[in-house]
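K.L.:
Got a file for you: my_file_3.cif, mmCIF, C-alpha atoms and all ligand atoms.
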```cif
data_model
loop_
_atom_site.label_atom_id
_atom_site.label_comp_id
_atom_site.auth_asym_id
_atom_site.auth_seq_id
_atom_site.Cartn_x
_atom_site.Cartn_y
_atom_site.Cartn_z
CA MET A 1 8.99 148.65 135.04
CA SER A 2 12.57 149.81 135.39
CA LYS A 3 14.67 150.25 132.27
CA PRO A 4 17.49 147.82 131.51
CA SER A 5 20.68 149.06 133.10
CA SER A 6 22.37 149.77 129.74
CA ASP A 7 19.58 152.21 128.84
CA ALA A 8 19.91 153.83 132.23
CA ALA A 9 23.68 154.10 131.80
CA ARG A 10 23.33 155.64 128.32
CA TRP A 11 20.77 158.10 129.61
CA GLY A 12 23.06 159.03 132.49
CA HIS A 13 26.01 159.57 130.12
CA PHE A 14 23.88 161.59 127.74
CA GLN A 15 22.46 163.80 130.49
CA ALA A 16 25.95 164.42 131.85
CA LEU A 17 27.19 165.42 128.36
CA ASN A 18 24.19 167.58 127.70
CA GLU A 19 24.64 169.40 131.01
CA HIS A 20 28.38 169.75 130.52
CA ARG A 21 28.11 171.25 127.03
CA ARG A 22 27.88 174.96 127.48
CA ALA A 23 28.58 177.91 125.24
CA VAL A 24 32.08 178.60 126.55
CA ARG A 25 33.62 181.92 125.64
CA ASP A 26 36.79 181.97 127.75
CA PHE A 27 39.22 179.26 126.69
CA ASP A 28 42.71 178.67 128.07
CA GLY A 29 44.04 178.72 124.50
CA ALA A 30 46.44 175.79 125.11
CA PRO A 31 47.09 173.60 122.07
CA LEU A 32 44.82 170.56 121.84
CA ASP A 33 45.94 167.02 121.09
CA ASP A 34 45.42 166.31 117.41
CA ALA A 35 43.94 162.94 118.38
CA ASP A 36 41.24 164.62 120.47
CA VAL A 37 40.21 167.05 117.74
CA ARG A 38 40.29 164.34 115.11
CA ALA A 39 38.14 162.04 117.25
CA VAL A 40 35.58 164.79 117.79
CA LEU A 41 35.48 165.70 114.08
CA GLU A 42 35.09 162.08 113.05
CA ALA A 43 32.31 161.54 115.61
CA ALA A 44 30.45 164.47 114.03
CA LEU A 45 30.36 162.62 110.71
CA LEU A 46 27.85 160.17 112.19
CA ALA A 47 25.28 162.97 112.40
CA PRO A 48 22.10 162.40 110.41
CA SER A 49 21.88 164.26 107.09
CA SER A 50 19.24 164.73 104.44
CA GLY A 51 19.23 161.67 102.18
CA ASN A 52 22.54 160.78 103.84
CA LEU A 53 24.09 163.20 101.34
CA GLN A 54 26.32 164.81 104.00
CA PRO A 55 26.44 168.10 102.09
CA TYR A 56 29.00 169.71 104.40
CA GLU A 57 32.68 169.89 105.21
CA LEU A 58 34.26 170.58 108.59
CA HIS A 59 37.27 172.87 108.17
CA TRP A 60 39.71 172.46 111.04
CA LEU A 61 41.86 175.58 111.23
CA ARG A 62 45.26 174.28 112.24
CA ASP A 63 47.28 177.11 110.76
CA GLU A 64 47.67 179.98 113.25
CA ALA A 65 47.50 182.67 110.55
CA VAL A 66 44.30 181.25 109.02
CA LYS A 67 42.77 180.85 112.47
CA ARG A 68 43.60 184.49 113.28
CA ARG A 69 42.02 185.69 110.03
CA VAL A 70 38.85 183.74 110.74
CA ALA A 71 38.76 184.90 114.38
CA GLU A 72 38.94 188.46 113.06
CA ALA A 73 36.11 187.69 110.65
CA CYS A 74 34.16 186.54 113.74
CA ASN A 75 34.41 190.16 114.93
CA THR A 76 37.22 189.05 117.26
CA GLN A 77 34.52 187.92 119.66
CA ARG A 78 35.72 186.38 122.95
CA ALA A 79 35.15 182.74 122.05
CA ALA A 80 36.90 183.05 118.69
CA ARG A 81 39.78 185.05 120.10
CA THR A 82 40.55 182.70 123.00
CA ALA A 83 39.75 179.33 121.37
CA SER A 84 42.54 176.83 120.85
CA THR A 85 41.20 176.08 117.42
CA LEU A 86 38.22 176.85 115.20
CA VAL A 87 36.08 174.60 113.05
CA VAL A 88 34.18 176.14 110.16
CA VAL A 89 31.10 174.28 108.95
CA ALA A 90 30.79 174.76 105.17
CA ALA A 91 27.83 173.36 103.24
CA SER A 92 26.70 173.24 99.63
CA ARG A 93 24.83 171.23 97.03
CA ARG A 94 28.16 170.63 95.31
CA ILE A 95 29.43 168.75 98.38
CA GLY A 96 26.22 166.70 98.35
CA GLN A 97 26.91 165.82 94.72
CA ARG A 98 30.36 164.63 95.68
CA THR A 99 28.78 162.36 98.30
CA ALA A 100 26.36 160.98 95.71
CA ALA A 101 29.29 160.10 93.42
CA SER A 102 31.18 158.30 96.16
CA TRP A 103 27.97 156.56 97.23
CA TRP A 104 27.68 155.05 93.75
CA ALA A 105 31.35 154.05 93.82
CA HIS A 106 30.76 152.41 97.20
CA LEU A 107 27.79 150.50 95.80
CA ASP A 108 29.78 149.32 92.79
CA ALA A 109 32.67 148.08 94.91
CA PRO A 110 32.49 144.59 96.43
CA SER A 111 31.19 144.97 99.97
CA GLY A 112 29.39 143.05 102.64
CA LEU A 113 26.00 144.50 101.60
CA ASP A 114 23.33 141.85 101.19
CA ALA A 115 21.04 142.01 98.14
CA ARG A 116 18.23 143.73 100.04
CA SER A 117 20.45 146.46 101.48
CA ARG A 118 22.14 146.97 98.13
CA ALA A 119 18.77 147.40 96.41
CA TRP A 120 17.65 149.86 99.11
CA HIS A 121 20.87 151.89 98.83
CA GLN A 122 20.63 151.94 95.04
CA ALA A 123 17.03 153.16 95.12
CA GLU A 124 17.93 155.89 97.64
CA ALA A 125 21.03 156.94 95.71
CA ARG A 126 19.00 157.15 92.49
CA LYS A 127 16.24 159.17 94.16
CA PHE A 128 18.64 161.66 95.71
CA ALA A 129 20.79 161.96 92.59
CA ARG A 130 17.60 163.02 90.79
CA PHE A 131 16.81 165.46 93.60
CA LEU A 132 20.27 167.03 93.35
CA ARG A 133 19.90 167.36 89.58
CA PHE A 134 16.43 168.91 89.45
CA ALA A 135 15.88 170.72 92.77
CA PRO A 136 18.43 173.50 92.12
CA LEU A 137 16.96 174.49 88.71
CA LEU A 138 16.43 178.25 88.57
CA VAL A 139 12.79 177.80 87.61
CA TRP A 140 12.04 176.64 91.17
CA THR A 141 13.15 179.91 92.73
CA PRO A 142 10.06 181.93 91.62
CA VAL A 143 7.84 178.90 92.27
CA ARG A 144 9.05 178.71 95.87
CA MET A 145 8.68 182.48 96.29
CA LEU A 146 5.12 182.39 94.96
CA LEU A 147 4.17 179.47 97.18
CA SER A 148 5.61 181.24 100.23
CA LEU A 149 3.54 184.32 99.43
CA PHE A 150 0.46 182.15 99.90
CA ASP A 151 1.86 180.40 102.94
CA PRO A 152 5.29 181.00 104.52
CA VAL A 153 5.39 177.35 105.46
CA TYR A 154 6.78 176.78 101.94
CA SER A 155 9.69 179.18 102.37
CA LEU A 156 12.13 176.45 103.37
CA LEU A 157 11.27 174.03 100.57
CA PRO A 158 14.59 172.58 99.37
CA ILE A 159 14.18 173.83 95.80
CA GLY A 160 15.74 176.67 93.84
CA THR A 161 19.08 178.28 94.59
CA SER A 162 18.37 179.59 98.05
CA GLY A 163 16.23 176.58 98.99
CA MET A 164 19.25 174.38 98.26
CA ARG A 165 21.47 176.58 100.42
CA HIS A 166 19.07 176.17 103.34
CA TRP A 167 18.94 172.46 102.64
CA ALA A 168 22.71 172.07 102.81
CA ALA A 169 23.07 174.32 105.86
CA ARG A 170 20.47 172.34 107.78
CA SER A 171 22.46 169.09 107.55
CA GLY A 172 25.66 170.99 108.44
CA ILE A 173 24.01 172.14 111.66
CA TYR A 174 23.34 168.56 112.77
CA ALA A 175 27.01 167.77 112.29
CA ALA A 176 27.88 170.88 114.32
CA GLN A 177 25.67 169.86 117.23
CA THR A 178 27.04 166.30 117.18
CA LEU A 179 30.56 167.75 117.14
CA MET A 180 29.85 169.88 120.21
CA LEU A 181 28.42 166.95 122.18
CA ALA A 182 31.37 164.80 121.11
CA ALA A 183 33.73 167.55 122.29
CA SER A 184 31.98 167.54 125.63
CA ALA A 185 32.44 163.76 125.88
CA ARG A 186 36.13 164.17 125.09
CA GLY A 187 36.65 166.81 127.80
CA LEU A 188 36.71 169.74 125.38
CA ASP A 189 34.52 172.82 125.34
CA SER A 190 32.92 174.63 122.45
CA CYS A 191 30.97 177.68 121.43
CA PRO A 192 28.77 177.81 118.34
CA MET A 193 29.05 181.18 116.57
CA GLU A 194 26.94 182.81 113.89
CA GLY A 195 28.35 186.27 114.53
CA PHE A 196 30.81 186.42 111.63
CA ASP A 197 31.35 187.93 108.22
CA ALA A 198 30.67 184.93 105.97
CA GLY A 199 32.40 186.50 102.96
CA ARG A 200 35.63 187.04 104.90
CA VAL A 201 35.55 183.50 106.32
CA ALA A 202 34.93 182.05 102.85
CA ARG A 203 37.83 184.05 101.40
CA ALA A 204 40.19 183.05 104.23
CA LEU A 205 39.49 179.37 103.45
CA GLY A 206 39.21 179.71 99.67
CA LEU A 207 35.68 178.25 99.66
CA PRO A 208 34.02 178.10 96.25
CA ARG A 209 31.01 180.27 95.41
CA GLY A 210 27.73 178.73 96.44
CA THR A 211 29.12 177.49 99.76
CA VAL A 212 27.21 178.53 102.87
CA ILE A 213 28.69 178.73 106.33
CA PRO A 214 25.99 177.96 108.88
CA LEU A 215 28.32 178.08 111.86
CA VAL A 216 31.86 178.56 113.13
CA ILE A 217 32.70 176.53 116.23
CA ALA A 218 35.26 177.59 118.81
CA LEU A 219 37.00 174.63 120.47
CA GLY A 220 39.27 174.45 123.47
CA ARG A 221 39.22 173.98 127.22
CA ARG A 222 37.44 176.43 129.49
CA ARG A 223 39.66 178.57 131.71
CA PRO A 224 39.16 177.94 135.44
CA ASP A 225 37.78 181.49 135.75
CA ALA A 226 35.68 181.27 132.54
CA ARG A 227 32.49 183.31 132.77
CA ILE A 228 29.74 180.86 131.96
CA GLU A 229 26.33 182.43 131.96
CA PRO A 230 23.61 180.90 134.15
CA ARG A 231 21.58 178.57 132.00
CA TRP A 232 18.03 179.63 131.29
CA ARG A 233 15.35 177.96 129.19
CA ARG A 234 11.70 178.82 128.58
CA PRO A 235 9.23 176.84 130.70
CA VAL A 236 8.81 173.34 129.31
CA ALA A 237 5.08 173.81 128.73
CA ASP A 238 5.83 176.77 126.43
CA THR A 239 8.00 174.68 124.14
CA ILE A 240 6.80 171.11 124.19
CA VAL A 241 3.44 171.16 122.49
CA GLU A 242 1.30 168.09 122.68
CA HIS A 243 -1.34 167.36 120.04
C1 LIG B 301 22.98 179.25 115.83
C2 LIG B 301 23.70 179.76 117.04
C3 LIG B 301 24.49 180.88 116.95
C4 LIG B 301 25.20 181.34 118.05
N1 LIG B 301 26.06 182.40 117.91
C5 LIG B 301 26.82 182.78 118.95
C6 LIG B 301 27.81 183.78 118.77
O1 LIG B 301 28.03 184.32 117.68
N2 LIG B 301 28.56 184.15 119.84
C7 LIG B 301 28.38 183.57 121.07
O2 LIG B 301 29.12 183.94 122.00
N3 LIG B 301 27.47 182.60 121.27
C8 LIG B 301 26.69 182.19 120.24
N4 LIG B 301 25.79 181.16 120.40
C9 LIG B 301 25.66 180.50 121.71
C10 LIG B 301 24.33 180.82 122.41
O3 LIG B 301 24.35 182.13 122.90
C11 LIG B 301 24.12 179.80 123.54
O4 LIG B 301 24.04 178.51 122.96
C12 LIG B 301 22.87 180.08 124.34
O5 LIG B 301 22.98 181.28 125.04
C13 LIG B 301 22.54 178.97 125.34
O6 LIG B 301 23.63 178.72 126.19
P1 LIG B 301 24.26 177.25 126.33
O7 LIG B 301 24.67 176.81 124.96
O8 LIG B 301 25.43 177.40 127.26
O9 LIG B 301 23.20 176.35 126.91
C14 LIG B 301 25.07 180.68 119.31
C15 LIG B 301 24.26 179.54 119.40
C16 LIG B 301 23.60 179.07 118.27
C17 LIG B 301 22.79 177.80 118.38
#
```
In structure tokens, write the structure found in this file.

P.N.:
Amino acid sequence: MSKPSSDAARWGHFQALNEHRRAVRDFDGAPLDDADVRAVLEAALLAPSSGNLQPYELHWLRDEAVKRRVAEACNTQRAARTASTLVVVAASRRIGQRTAASWWAHLDAPSGLDARSRAWHQAEARKFARFLRFAPLLVWTPVRMLLSLFDPVYSLLPIGTSGMRHWAARSGIYAAQTLMLAASARGLDSCPMEGFDAGRVARALGLPRGTVIPLVIALGRRRPDARIEPRWRRPVADTIVEH
């Protein structure tokens, strides 16, 4: 049976975006329209996040001097140096707590939520507020370490100080990927970068202690002569495991 045409159209659009998004490292450096960057950043906010707590911020570096400092902290790598602008993904439990507070405010305000949705949101908000309160307790850090000694599968449990950092970073990464696909849809190019000195980036942006920076994203338009590496992926059968 053939798929309805709207599914086929969505699939076609998605495949085109997915193919078009490449790690671009040679940008033309021309200024971008604010509206384009804003649209891409706002699209990223629809990314899924743990408990919908959105524990990240997207720092758009509009100031040339700040952008230069951050590009230097990215070891002046090609993508950072030539990008029109940079976006720093910053994540922390503290940002998640801020979301929880505004979630409650949203639930208290008159809205179009029906009783069932309101009850669901309240239960979720309560559950995740409890998580944010208890999961970071220091006592969990040795517990997580001990458990991971028995089985490394426990090493990413979202408990204890470092567990919470991983937790926040993970949701930030989904926003980053959504941002890069949105950029592709808007005719912009991007490059995700983890090659940077996190301390220097944090200082350049005045980020509070406890913030993690999972990624810096270079944004711009590829130069006509941009060197884009041939795309290679492992054979499908090596990666997609069926059980
Ligand atoms: C977490 C992460 C970190 C990366 N860090 C860098 C980086 O510091 N510098 C860089 O030029 N590319 C970086 N990349 C881009 C990858 O090299 C690129 O995605 C990969 O080679 C596949 O190419 P494609 O994205 O064009 O398909 C990074 C990608 C990811 C997902």

K.L.:
Please extract the residues at most 10 Å from ligand LIG 301 (chain B), counting all atoms listed in the file, and provide them as an NGL selection string, using the chain letters and residue numbers of this document.

P.N.:
:A and (18-26 or 74-75 or 77-80 or 173 or 176-177 or 180 or 190-196 or 214-218 or 228-233)

K.L.:
Can you work out the spacing between atom CA of A:Asp189 and atom CA of A:Gly29 in Å, to one decimal?

P.N.:
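A separation of 11.2 Å between them.
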
K.L.:
At what distance in Å, to one decimal, does atom CA of A:Arg93 lie from atom CA of A:Leu132?

P.N.:
7.2 Å

K.L.:
Would you work out the distance separating atom CA of A:Ala175 from atom CA of A:Leu46, expressed in Å to one decimal?

P.N.:
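Computing it gives 7.6 Å between the two atoms.
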
K.L.:
Counting all atoms listed in the file, I want the residues whose atoms come within 10 Å of (36.9, 167.4, 113.0) in the file frame, returned as a list in words.

P.N.:
Asp34, Ala35, Asp36, Val37, Arg38, Ala39, Val40, Leu41, Glu42, Ala43, Ala44, Leu45, Glu57, Leu58, His59, Trp60, Leu61, Leu86, Val87, Val88, Val89, Ala175, Ala176, Leu179 and Ala183 of chain A

K.L.:
Report, as AutoDock Vina command-line options, the centre and edge lengths in Å (one decimal) of the axis-aligned box enclosing every listed atom of stretch 156-163 of chain A, padded by 3 Å on each side.

P.N.:
```
--center_x 15.2 --center_y 176.1 --center_z 98.6 --size_x 13.8 --size_y 13.0 --size_z 15.5
```

K.L.:
Could I get the residues of stretch 160-241 of chain A with an atom no further than 8 Å from an atom of stretch 133-146 of chain A, each paired with its nearest atom pair and that distance in Å to one decimal, using all atoms listed in the file, sorted by chain and residue number, as JSON lines?

P.N.:
```
{"residue": "A:Gly160", "atom": "CA", "partner": "A:Thr141", "partner_atom": "CA", "distance": 4.3}
{"residue": "A:Thr161", "atom": "CA", "partner": "A:Pro136", "partner_atom": "CA", "distance": 5.4}
{"residue": "A:Ser162", "atom": "CA", "partner": "A:Thr141", "partner_atom": "CA", "distance": 7.5}
{"residue": "A:Gly163", "atom": "CA", "partner": "A:Thr141", "partner_atom": "CA", "distance": 7.7}
{"residue": "A:Met164", "atom": "CA", "partner": "A:Pro136", "partner_atom": "CA", "distance": 6.3}
```

K.L.:
Which residues come within 6 Å of A:Leu188, counting all atoms listed in the file, excluding same-chain residues fewer than 2 positions away, as a ChimeraX atom specification?

P.N.:
/A:183-184,186,220-221

K.L.:
Which is closer to A:Ala71 than all the others in A:Tyr174, A:Gly112, A:Tyr56, A:Ala198, using all atoms listed in the file?

P.N.:
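Between A:Tyr174, A:Gly112, A:Tyr56, A:Ala198, the residue approaching A:Ala71 most closely is A:Ala198.
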
K.L.:
Please provide the set of residues having any atom within 9 Å of A:Thr99, restricted to all atoms listed in the file, with same-chain residues fewer than 5 positions apart removed, written as a list in words.

P.N.:
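Here the qualifying residues turn out to be Asn52, Leu53, Gln54, Pro55, Arg94 and Trp104 of chain A.
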
K.L.:
Residues near A:Arg203, anyone? I mean within 10 Å using only C-alpha atoms, not counting same-chain ones fewer than 6 positions away, as a list in words.

P.N.:
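Listed by chain and then number, they are Arg69, Val70 and Arg209 of chain A.
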
K.L.:
Out of A:Ala8, A:Ala185, A:Leu156, A:Val236, which residue has the shortest atom-to-atom distance to A:Ala168 when counting all atoms listed in the file?

P.N.:
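Result for the nearest residue to A:Ala168: A:Leu156.
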
K.L.:
Looking at A:Pro152, A:Gly187, A:Gly96, A:Pro48, which one is nearest to A:Ala16, with distances taken over all atoms listed in the file?

P.N.:
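Residue with the minimum atom-to-atom distance to A:Ala16: A:Gly187.
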
K.L.:
From the options A:Gly51, A:Pro110, A:Gly172, A:Pro31, which residue's atoms come nearest to A:Gln97, counting only C-alpha atoms?

P.N.:
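For A:Gln97, the nearest of the given residues is A:Gly51.
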
K.L.:
Name the closest residue to A:Thr82 among the candidates A:Arg234, A:Arg223, A:Arg165, A:His243; distances are taken between atoms, counting only C-alpha atoms.

P.N.:
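Looking only at the distances to A:Thr82, the closest residue turns out to be A:Arg223.
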
K.L.:
Pick the closest to A:Leu207 from A:Ser92, A:Arg68, A:Ile159, A:Phe27: which is it, counting only C-alpha atoms?

P.N.:
A:Ser92
